[in-house]
Protein chains: 2
Amino acid sequence: MRLVVARCQVDYAGRLTAHLPMATRLIMVKSDSSVSIHADDRAYKPLNWMSPPCTLEVREPAQDEQAVVAELDDRLTQVWQVTGKDGDTLQIAIAEVLHDSSHDLGVDPGLQKDGVEAHLQELLAENPEVFGPGVRLVRREYMTAIGPVDLLCRTADGRHLAVEVKRRGEIDGVEQLTRYLELMRRDPLLGDVEGVFAAQQIKPQARVLATDRGIACVTVDYDALRGMDNADERLF
Amino acid sequence: MRLVVARCQVDYAGRLTAHLPMATRLIMVKSDSSVSIHADDRAYKPLNWMSPPCTLEVREPAQDEQAVVAELDDRLTQVWQVTGKDGDTLQIAIAEVLHDSSHDLGVDPGLQKDGVEAHLQELLAENPEVFGPGVRLVRREYMTAIGPVDLLCRTADGRHLAVEVKRRGEIDGVEQLTRYLELMRRDPLLGDVEGVFAAQQIKPQARVLATDRGIACVTVDYDALRGMDNADERLF
DNA sequence: GTGTCCATTTCGAGG
DNA sequence: CCTCGAAGTGGACAC
């Protein structure tokens with residue numbers, strides 16, 4: 001990885017045209033040849049970038065390119081031409097290099113994610129009693145015409161529970177469950193179907209909407225659930 | 001902006017839990033206190049990050065934290081604790097710092113974009129006759145209960161046109177327009193409303209779906225439209 | 001503040 | 001290969 005801090009102006013031409021006026025920025029060149037340009041704010045998104053695969057070519061600035069920045073009393077020292085696979089180009093015209101260092105980072109072992117919705121759903125499927133005493137799992141990913149309901153359960157007294165599982169409970173999750181419930185309640189085979197909105201955190205507005213629609217809200221303690229799971233393993 | 005290249009392991013806890021094993025990476029700390037961690041590939045997205053506002057705290061590694069990496073024959077030298085606004089945390093446990101430099105970049109003048117949907121919509125608003133002879137603009141961003149229609153126009157014979165503008169015409173754009181049309185056709189004030197799907201490119205499936213639903217497809221030549229715009233300026 | 005939609009979205013799964 | 005949908009999406013703008 002090469003890190004260059006430089007006073008530069010940048011022009012991108014591809015799906016759109018974009019221009020960055022002369023200013024000091026970080027230019028990051030990675031070992032897969034991808035290039036990104038960062039300002040001193042915003043963590044996530046670079047100002048400009050070129051995804052791999054792409055090629056980087058350094059050339060002398062042309063005479064007419066000098067004219068563009070001449071009014072700023074600046075002189076271009078080099079121009080980086082980055083060309084992507086779809087013919088899109090990223091041109092970095094550098095006036096002054098303030099820092100330039102290269103680093104051997106090696107291959108990254110990669111990100112391990114945990115606590116995603118799938119795992120939360122898995123844990124809840126193994127512990128349906130969190131929705132009430134005697135509640136049993138009928139099946140996960142119960143298919144309806146408009147998509148799968150996360151969990152379909154059955155209470156001790158024979159009612160069905162349609163459970164929507166989210167990490168963070170927000171309004172769109174309630175809307176989703178509402179659509180499922182509307183469909184499922186038309187199915188005579190299912191009989192009475194109640195909605196349960198289960199999430200690690202439920203936003204106040206989502207809770208209000210859910211309650212208004214007669215949908216029960218269950219906040220799930222992920223670590224406690226994982227603990228129950230471990231306890232189960234130890235007991236049986 | 002501070003650039004640190006270090007052998008580190010990273011743990012994020014927030015909307016999900018994520019772990020990066022010990023490896024050499026770039027840690028970028030920006031002047032808005034945001035932090036991002038980059039591997040030596042992928043231009044766009046950091047491996048891990050914390051969006052501003054957030055606070056960075058450096059502390060000594062605890063004894064039990066050493067144990068985690070001890071098997072790797074590594075020793076932690078410092079731990080960076082980054083805390084975000086929603087209580088999510090990013091913990092960067094550093095074994096060895098290979099590079100550390102700070103740079104004053106100043107405020108970036110910002111990106112100037114051209115050719116995005118907003119500009120395309122603007123050009124079409126100024127040239128509604130591309131939708132047919134005598135077509136006039138009623139208004140841009142015509143509000144409906146479920147969102148704004150990009151352009152509402154009126155034909156010479158008094159019918160309304162609801163125009164959805166996209167850079168790339170795909171199926172979801174047709175769906176979006178269909179939802180708008182469904183609502184607008186219930187409005188007696190509007191009378192007859194026809195749908196127009198306008199994009200620089202329209203994918204075959206999107207065109208099929210649109211045609212099936214009686215929605216007209218218009219492919220827009222961006223450069224030609226810009227030319228018309230310039231011609232207009234010269235003529236009047 | 002919330003709600004909605006765009007993005008050079010990126011990214012991954014599944015057909 | 002394409003299509004579909006999620007993302008720690010982020011970001012902008014209307015209300």
# chains A, B, ... in the order shown; residues from 1 in each chain; ligands from 1
>>> interface_residues(of="chain C", to="chain A", cutoff="12 Å", atoms="only C-alpha atoms (C1' of nucleotides)", output="PyMOL selection string")
chain C and resi 2-4+7-10
>>> interface_residues(of="chain A", to="chain B", cutoff="6 Å", atoms="only C-alpha atoms", output="PyMOL selection string")
chain A and resi 1+16-20+24+30-32+34-36+40-41+43+51+105+111-115
>>> write_last_selection(atoms="C-alpha atoms", output="tab-separated table (two decimals), in the first residue's frame")
chain	number	residue	atom	x	y	z
A	1	MET	CA	0.00	0.00	0.00
A	16	LEU	CA	-20.67	10.31	-14.21
A	17	THR	CA	-18.24	13.19	-14.45
A	18	ALA	CA	-16.79	14.57	-11.24
A	19	HIS	CA	-14.19	17.18	-10.42
A	20	LEU	CA	-12.19	17.95	-7.29
A	24	THR	CA	-4.46	18.68	-0.13
A	30	LYS	CA	-3.50	-0.52	-2.83
A	31	SER	CA	-1.69	-3.66	-3.93
A	32	ASP	CA	-4.63	-4.66	-6.14
A	34	SER	CA	-7.12	0.24	-6.76
A	35	VAL	CA	-6.89	3.94	-6.00
A	36	SER	CA	-8.88	6.05	-3.57
A	40	ASP	CA	-9.86	14.75	6.16
A	41	ASP	CA	-13.43	13.89	7.10
A	43	ALA	CA	-14.68	7.65	7.61
A	51	SER	CA	-12.17	-0.07	-8.23
A	105	LEU	CA	0.65	-5.21	4.57
A	111	LEU	CA	-13.61	-10.03	8.63
A	112	GLN	CA	-15.55	-12.37	10.87
A	113	LYS	CA	-19.14	-11.24	11.40
A	114	ASP	CA	-21.33	-12.38	14.23
A	115	GLY	CA	-24.72	-11.39	15.52
>>> select_by_dssp(residues="chain A", states="strand (DSSP E or B)", output="number ranges by chain")
A: 2-13, 17-29, 35-38, 48-50, 54-59, 78-84, 89-102, 112-114, 136-144, 147-154, 160-169, 193-202, 216-219
>>> residues_around(residues="Leu225 (chain A)", least_positions_apart="3", cutoff="9 Å", atoms="only C-alpha atoms (C1' of nucleotides)", output="count of residues only")
10
>>> interface_residues(of="chain D", to="chain A", cutoff="12 Å", atoms="only C-alpha atoms (C1' of nucleotides)", output="list in words")
DA6, DA7, DG8, DT9, DG10 and DG11 of chain D
>>> residues_around(residues="DC2 (chain D)", least_positions_apart="4", cutoff="12 Å", atoms="only C-alpha atoms (C1' of nucleotides)", output="CSV table (one decimal) with C-alpha atoms (C1' of nucleotides), in the first residue's frame")
chain,number,residue,atom,x,y,z
B,203,LYS,CA,-32.4,-2.9,-19.4
B,205,GLN,CA,-36.3,-6.8,-18.7
C,14,DG,C1',-28.5,-18.0,-5.7
C,15,DG,C1',-30.3,-19.4,-10.2
>>> residues_around(residues="region 156-161 of chain A", least_positions_apart="2", cutoff="12 Å", atoms="only C-alpha atoms (C1' of nucleotides)", output="MDAnalysis selection string")
chainID A and resid 128:129 131:140 142 149:154 163:164 177 180:181 184:185 187:198 215:216
>>> select_by_dssp(residues="region 18-131 of chain B", states="alpha helix (DSSP H)", output="PyMOL selection string")
chain B and resi 63-70+117-126
>>> residues_around(residues="Arg75 (chain B)", least_positions_apart="6", cutoff="8 Å", atoms="only C-alpha atoms (C1' of nucleotides)", output="list in words")
Gln66, Val69 and Ala95 of chain B
>>> atom_distance(atom1="CA of Thr178 (chain A)", atom2="CA of Gly173 (chain B)")
24.1 Å
>>> residues_around(residues="DC13 (chain D)", least_positions_apart="3", cutoff="12 Å", atoms="only C-alpha atoms (C1' of nucleotides)", output="list in words")
Ala118, Glu141 and Pro148 of chain B; DG3, DT4, DC5 and DC6 of chain C
